[in-house]
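Q: Below is one structure. I have some questions about it.
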Amino acid sequence: MTATAIAPSHKAPATDADRTLLEIRGLEKRFSLSGDFLEQLKFKGGRLVREQKFVHAINGIDLDIRRGEALCVVGESGCGKSTVARIVMGLIHPSGGEIHYDGTRIDDLSTKSLMPYRRRMQMIFQNPYASLNPRMTIQQTLEEPIRLHHPDWNRQQVADKVAEVMHSVGVAPDWGKRYGHEFSGGQRQRIAIARALAVDPEFIVADEPISALDVSIQAQVLNLLMDAQQQRNLTYLFITHDLAVVEHFGTRVAVMYLGRVCEVAPTATLFATPRHPYTRALLSAIPRLEDDRPQHIRLKGEVPTPVNLPSGCVFHARCPHANARCREEVPTLIAHDGGGRVACHAIEEGRLV
Amino acid sequence: MNTTTSSIEGPPTASRWERFRDSYLLYSFKRDLIAQISLLVFVLMVVAAVLAPWLAPMNPYDLAQIDILASELPPFWISGSEDAYVLGTDAQGRDMLSTILYGARVSLIIGFGAVALQAILGVSFGLLAGYLGGRIDAFLMRLADIQLSFSTLMVAIVVGALVKAIFGGATFSAYAVPLLVLIIGLAEWPQYARTVRASVLAEKNKEYVDAARTMGLSSRRIMFRHILPNTLSPIFVISTVQVANAIISEAALSFLGLGMPETHPSLGSLIKSGFDYLQSGSWWITLMPGAVLVLLVLVINLLGDWLRDVLNPRLYKG
């Protein structure tokens, strides 16, 4: 879609609190399904042809994350939420598009020149049972990032910093000698958060940080993340599929469907007046206590496979408002008066209000 | 995994020793008679071999102590034996007990040395192949395939024969131990490389590796500090089997005359030296070191078996 690179708008003065911290421009990611070169060769009609198949995980995403906000990305499984998070963190390389952090393009930086940004951006993972190295004590786990990013610190400074982050996430200092497997899921996730906070980052990518936790623990960890945001002035990119969490936590929400953003809006606006047909269906699926006859919007069919991407709007096959234009032309995000942006021809044309 | 019993309610700080005392490893060892006996025999043999210069009645390397007239004396329970030679003497008049002790030492040095070399090469290549993937992986694994398609003995025979032909028998004898370590070590590294690579492939997709990467740690540190400690269990298990294999390989090479020279015999070359006298009734020259070799390899394999059962969680018996 709008893969054209837009010049980063980093000319804004540094004092501007609304300054954009992270810009994602025309991001694309394809994963090859076809294996190596020899496996791609196929006989077709008596001729040897090279055939490659791709999973189109992300198909042109534009997102801005402003300083100090919590941008929640929601969408169903397989829509590319986690892939966005992993690309932003440099764990995988994008197939196209650009990522700018504080005005600097970071997706093509070398490992070495990325180091200062590694300290400023950290990640919290989904599964606290896998995100702590089972052979390292909590102390070692927390010391490692500090020693890496502050090689000039002496032993006492490192120990003080570890004690400080342990205290701030509610972990007793004497836990440091133990190993990760000795803790419960919620405790482990606190430790994982402490590890992310240890280098004093300003931006944290949280990839479904509470979905692997017990419901009784989820609120604790969520509150911990919100406290950390206030105390340390953090910016979050928060990946989740829990809409209740989004309502509670998010400053703005981006709704993704099949590797594209269909709507971005401030949380209150989005929950009060969802615009995009998919967002409407998604929000109508939230169980409500006061409803004795829920008004679910039932979508027909299944999510199309990301291997053979539908033409035009990715949602057209399931959209009740789709017309010929939706089947051919990819909609772009267009700002509306509610403060959000929505990618839908029907809304642009006024067919849908 | 081993200390699931000592959770949060346990003692606030478990020391290394306490953790070992509570571990499943020790628990299962206490319940396994075969493992206990094997470890006992193995430790006794290693101690005897290490202390050979002090334990052995004579020094088989010292020609002055050897009496050719006392050759082919039988062990003590057969008439015609002499009290000084408990297990009899070989064709050159060397005391069998002393020679076996010294021979076991040579065999163990070569066995452990070769396995150390295999482990260093195999673990490094396996880590690189598994973590970096792509062309490096393909190249290293094809190299391993090629190496595996030649049997260890064949490689060893060719290299040994070449060295002997080029540098002469005397040089070969002088450097026999490091040469055998090198030959056996180089021949079997793919065993390690493949095992480590498989473990690395399973580990590198776990989130703690991603966490280390987002931290900005170097690939080398992630490989050796984060992934390697989590692949140690299979490395331990194959190490025991590989030590036994290396000792057998060395014995086979010595038996074929490409291993340790008879002046510095290992168990294998002792077996070989007695082989010529088997028909003439001096069976003990072959059988005694043979029995020691079999026992040594057997206990190592039994220990390896036990270790594999313990370290493989899927075999946990509830």
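Please note that chains go A, B, ... in the order of the structure tokens, that every chain numbers its residues from 1, and that ligands are numbered from 1 in the order shown.
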Using only C-alpha atoms, select each residue of chain A with any atom at most 7 Å away from an atom of chain B, and give the selection as a JSON list (two decimals) with N, CA and C atoms, in the first residue's frame.
A:
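Everything below was put into part.json:
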[["chain", "number", "residue", "atom", "x", "y", "z"],
["A", 89, "MET", "N", 12.16, -4.40, 17.67],
["A", 89, "MET", "CA", 13.28, -4.70, 18.55],
["A", 89, "MET", "C", 14.51, -5.20, 17.80],
["A", 91, "LEU", "N", 14.84, -8.05, 16.30],
["A", 91, "LEU", "CA", 15.04, -9.50, 16.37],
["A", 91, "LEU", "C", 14.91, -10.14, 15.00],
["A", 115, "MET", "N", 23.79, -0.45, 19.38],
["A", 115, "MET", "CA", 23.95, -0.63, 20.82],
["A", 115, "MET", "C", 23.34, 0.49, 21.68],
["A", 118, "ARG", "N", 19.75, -0.12, 21.89],
["A", 118, "ARG", "CA", 19.41, -1.31, 22.68],
["A", 118, "ARG", "C", 19.15, -0.93, 24.14],
["A", 122, "GLN", "N", 13.69, -1.71, 25.35],
["A", 122, "GLN", "CA", 13.77, -3.06, 25.91],
["A", 122, "GLN", "C", 12.48, -3.80, 25.62],
["A", 123, "MET", "N", 12.50, -5.09, 25.85],
["A", 123, "MET", "CA", 11.34, -5.90, 25.50],
["A", 123, "MET", "C", 10.95, -6.79, 26.67],
["A", 125, "PHE", "N", 8.63, -10.22, 27.39],
["A", 125, "PHE", "CA", 8.13, -11.31, 26.56],
["A", 125, "PHE", "C", 6.86, -11.93, 27.13],
["A", 130, "ALA", "N", 9.80, -19.14, 29.77],
["A", 130, "ALA", "CA", 10.86, -19.34, 28.80],
["A", 130, "ALA", "C", 11.80, -18.15, 28.70],
["A", 131, "SER", "N", 11.42, -17.00, 29.27],
["A", 131, "SER", "CA", 12.22, -15.81, 29.01],
["A", 131, "SER", "C", 13.34, -15.62, 30.03],
["A", 132, "LEU", "N", 13.42, -16.48, 31.05],
["A", 132, "LEU", "CA", 14.56, -16.43, 31.96],
["A", 132, "LEU", "C", 15.44, -17.65, 31.70],
["A", 133, "ASN", "N", 16.74, -17.40, 31.60],
["A", 133, "ASN", "CA", 17.68, -18.49, 31.36],
["A", 133, "ASN", "C", 17.69, -19.43, 32.56],
["A", 135, "ARG", "N", 19.63, -21.60, 33.62],
["A", 135, "ARG", "CA", 20.92, -21.88, 34.26],
["A", 135, "ARG", "C", 21.53, -20.65, 34.92],
["A", 145, "PRO", "N", 22.55, -7.26, 31.76],
["A", 145, "PRO", "CA", 22.36, -6.06, 30.92],
["A", 145, "PRO", "C", 23.06, -4.84, 31.49],
["A", 177, "LYS", "N", 19.77, -15.05, 44.69],
["A", 177, "LYS", "CA", 20.63, -16.22, 44.60],
["A", 177, "LYS", "C", 19.91, -17.41, 43.98],
["A", 182, "GLU", "N", 12.43, -21.57, 40.37],
["A", 182, "GLU", "CA", 11.94, -21.63, 41.74],
["A", 182, "GLU", "C", 10.80, -20.64, 41.97],
["A", 183, "PHE", "N", 10.41, -19.91, 40.93],
["A", 183, "PHE", "CA", 9.38, -18.89, 41.11],
["A", 183, "PHE", "C", 8.12, -19.21, 40.32]]
Q: Which neighbours of region 293-297 of chain B fall inside 12 Å, counting only C-alpha atoms, when residues of the same chain fewer than 3 positions from it are skipped, and could you give them as a ChimeraX atom specification?
A: /B:37-46,49,100-101,103-108,111,240-252,266-271,286-290,300-304
Q: With only C-alpha atoms as the counted atoms, please give the residues lying no more than 9 Å from Pro178 (chain B), apart from itself and same-chain residues fewer than 4 positions off, as a tab-separated table (two decimals) with C-alpha atoms, in the first residue's frame.
A:
chain	number	residue	atom	x	y	z
B	110	ILE	CA	44.29	-41.16	25.40
B	113	GLY	CA	42.36	-36.53	25.85
B	114	ALA	CA	40.66	-37.61	22.64
B	182	LEU	CA	44.67	-36.12	17.69
B	183	ILE	CA	43.63	-38.97	15.39
Q: Could you pull out all residues of region 231-322 of chain A with a DSSP call of alpha helix (DSSP H) and give them as a list in words?
A: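 These are the residues in question: Gln231, Arg232, Leu243, Ala244, Val245, Val246, Glu247, His248, Phe249, Thr267, Ala268, Thr269, Leu270, Phe271, Ala272, Pro277, Tyr278, Thr279, Arg280, Ala281, Leu282, Leu283 and Ser284 of chain A.
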Q: How would the residues just chosen look if you wrote them out with N, CA and C atoms as a JSON list (two decimals), in the first residue's frame?
A:
[["chain", "number", "residue", "atom", "x", "y", "z"],
["A", 231, "GLN", "N", 6.48, 6.38, 36.91],
["A", 231, "GLN", "CA", 7.70, 6.74, 37.62],
["A", 231, "GLN", "C", 8.86, 7.00, 36.67],
["A", 232, "ARG", "N", 8.94, 6.22, 35.63],
["A", 232, "ARG", "CA", 10.11, 6.30, 34.76],
["A", 232, "ARG", "C", 9.82, 6.97, 33.43],
["A", 243, "LEU", "N", -9.04, -7.14, 25.16],
["A", 243, "LEU", "CA", -9.57, -5.79, 24.97],
["A", 243, "LEU", "C", -9.82, -5.08, 26.29],
["A", 244, "ALA", "N", -10.09, -5.84, 27.35],
["A", 244, "ALA", "CA", -10.28, -5.21, 28.65],
["A", 244, "ALA", "C", -8.99, -4.54, 29.11],
["A", 245, "VAL", "N", -7.88, -5.21, 28.85],
["A", 245, "VAL", "CA", -6.57, -4.64, 29.19],
["A", 245, "VAL", "C", -6.33, -3.36, 28.40],
["A", 246, "VAL", "N", -6.69, -3.39, 27.14],
["A", 246, "VAL", "CA", -6.49, -2.23, 26.28],
["A", 246, "VAL", "C", -7.24, -1.03, 26.84],
["A", 247, "GLU", "N", -8.50, -1.25, 27.21],
["A", 247, "GLU", "CA", -9.33, -0.16, 27.72],
["A", 247, "GLU", "C", -8.72, 0.45, 28.98],
["A", 248, "HIS", "N", -8.13, -0.41, 29.79],
["A", 248, "HIS", "CA", -7.55, -0.01, 31.06],
["A", 248, "HIS", "C", -6.20, 0.68, 30.87],
["A", 249, "PHE", "N", -5.44, 0.23, 29.91],
["A", 249, "PHE", "CA", -4.01, 0.51, 29.84],
["A", 249, "PHE", "C", -3.65, 1.49, 28.73],
["A", 267, "THR", "N", -7.92, 5.57, 22.86],
["A", 267, "THR", "CA", -8.66, 4.44, 23.42],
["A", 267, "THR", "C", -10.14, 4.75, 23.65],
["A", 268, "ALA", "N", -10.40, 5.89, 24.27],
["A", 268, "ALA", "CA", -11.79, 6.22, 24.59],
["A", 268, "ALA", "C", -12.62, 6.33, 23.31],
["A", 269, "THR", "N", -12.06, 7.01, 22.31],
["A", 269, "THR", "CA", -12.76, 7.18, 21.04],
["A", 269, "THR", "C", -13.06, 5.83, 20.40],
["A", 270, "LEU", "N", -12.03, 4.98, 20.39],
["A", 270, "LEU", "CA", -12.19, 3.70, 19.72],
["A", 270, "LEU", "C", -13.27, 2.85, 20.40],
["A", 271, "PHE", "N", -13.26, 2.84, 21.71],
["A", 271, "PHE", "CA", -14.24, 2.00, 22.40],
["A", 271, "PHE", "C", -15.64, 2.60, 22.33],
["A", 272, "ALA", "N", -15.72, 3.94, 22.29],
["A", 272, "ALA", "CA", -17.03, 4.57, 22.23],
["A", 272, "ALA", "C", -17.61, 4.48, 20.82],
["A", 277, "PRO", "N", -15.32, -1.55, 10.08],
["A", 277, "PRO", "CA", -16.23, -2.69, 10.27],
["A", 277, "PRO", "C", -15.61, -3.81, 11.10],
["A", 278, "TYR", "N", -14.30, -4.01, 10.93],
["A", 278, "TYR", "CA", -13.66, -5.08, 11.71],
["A", 278, "TYR", "C", -13.59, -4.69, 13.18],
["A", 279, "THR", "N", -13.25, -3.44, 13.45],
["A", 279, "THR", "CA", -13.19, -2.99, 14.85],
["A", 279, "THR", "C", -14.55, -3.13, 15.51],
["A", 280, "ARG", "N", -15.59, -2.79, 14.76],
["A", 280, "ARG", "CA", -16.95, -2.91, 15.31],
["A", 280, "ARG", "C", -17.24, -4.36, 15.69],
["A", 281, "ALA", "N", -16.90, -5.27, 14.77],
["A", 281, "ALA", "CA", -17.15, -6.69, 15.05],
["A", 281, "ALA", "C", -16.34, -7.15, 16.25],
["A", 282, "LEU", "N", -15.08, -6.68, 16.30],
["A", 282, "LEU", "CA", -14.18, -7.08, 17.39],
["A", 282, "LEU", "C", -14.73, -6.61, 18.73],
["A", 283, "LEU", "N", -15.15, -5.34, 18.80],
["A", 283, "LEU", "CA", -15.63, -4.80, 20.07],
["A", 283, "LEU", "C", -16.97, -5.41, 20.46],
["A", 284, "SER", "N", -17.77, -5.76, 19.47],
["A", 284, "SER", "CA", -19.07, -6.36, 19.81],
["A", 284, "SER", "C", -18.90, -7.75, 20.41]]
Q: Could you please determine the separation between CA of Leu148 (chain B) and CA of Phe167 (chain B) in Å, to one decimal place?
A: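 A separation of 27.3 Å between them.
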Q: Pick out the closest residue to Met141 (chain B) from this set: B:Leu256, B:Ile285, B:Ala161, B:Ala198. Count only C-alpha atoms.
A: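 Ranking B:Leu256, B:Ile285, B:Ala161, B:Ala198 by distance to Met141 (chain B), first place goes to B:Ala198.
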Q: If DSSP is run on the backbone, what residues of region 96-236 of chain A are strand (DSSP E or B)? A reply as number ranges by chain would be ideal.
A: A: 96-101, 104-105, 121-124, 137, 179, 203-207, 235-236
Q: Set the distance at 9 Å and use only C-alpha atoms: which residues neighbour Leu153 (chain B) once local chain neighbours fewer than 4 positions away are removed? I'd like the list as a PyMOL selection string.
A: chain B and resi 157-158+184+187+249+252-253
Q: Using C-alpha atoms, can you write the selected residues to a file as a compact mmCIF listing (two decimals), in the first residue's frame?
A:
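Result file is out-v5.txt:
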# COMPACT_ATOMS: atom_id res chain seq x y z
CA ILE B 157 44.85 -46.32 10.16
CA VAL B 158 45.45 -44.09 7.16
CA ILE B 184 40.79 -40.26 17.55
CA ALA B 187 37.71 -38.68 13.77
CA SER B 249 39.54 -47.28 19.32
CA ALA B 252 42.06 -51.56 18.37
CA LEU B 253 44.70 -49.34 16.79
Q: From the set B:Ala56, B:Val177, B:Leu121, B:Gly133, which residue has the shortest atom-to-atom contact distance to Asp95 (chain B), counting only C-alpha atoms?
A: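 Comparing B:Ala56, B:Val177, B:Leu121, B:Gly133 against Asp95 (chain B), the winner is B:Ala56.
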Q: I'd like the neighbourhood of region 339-344 of chain A as a list of chain:residue names, where a residue qualifies if any of its atoms comes within 9 Å (using only C-alpha atoms), though same-chain residues fewer than 5 positions away should be ignored.
A: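 That gives A:Arg252, A:Val261, A:Cys262, A:Glu263, A:Val264, A:Ala265, A:Pro266, A:Thr269, A:Leu270, A:Arg275, A:His276, A:Pro277, A:Cys313, A:Cys326, A:Val330, A:Pro331, A:Thr332, A:Leu333, A:Ile334, A:Glu349.
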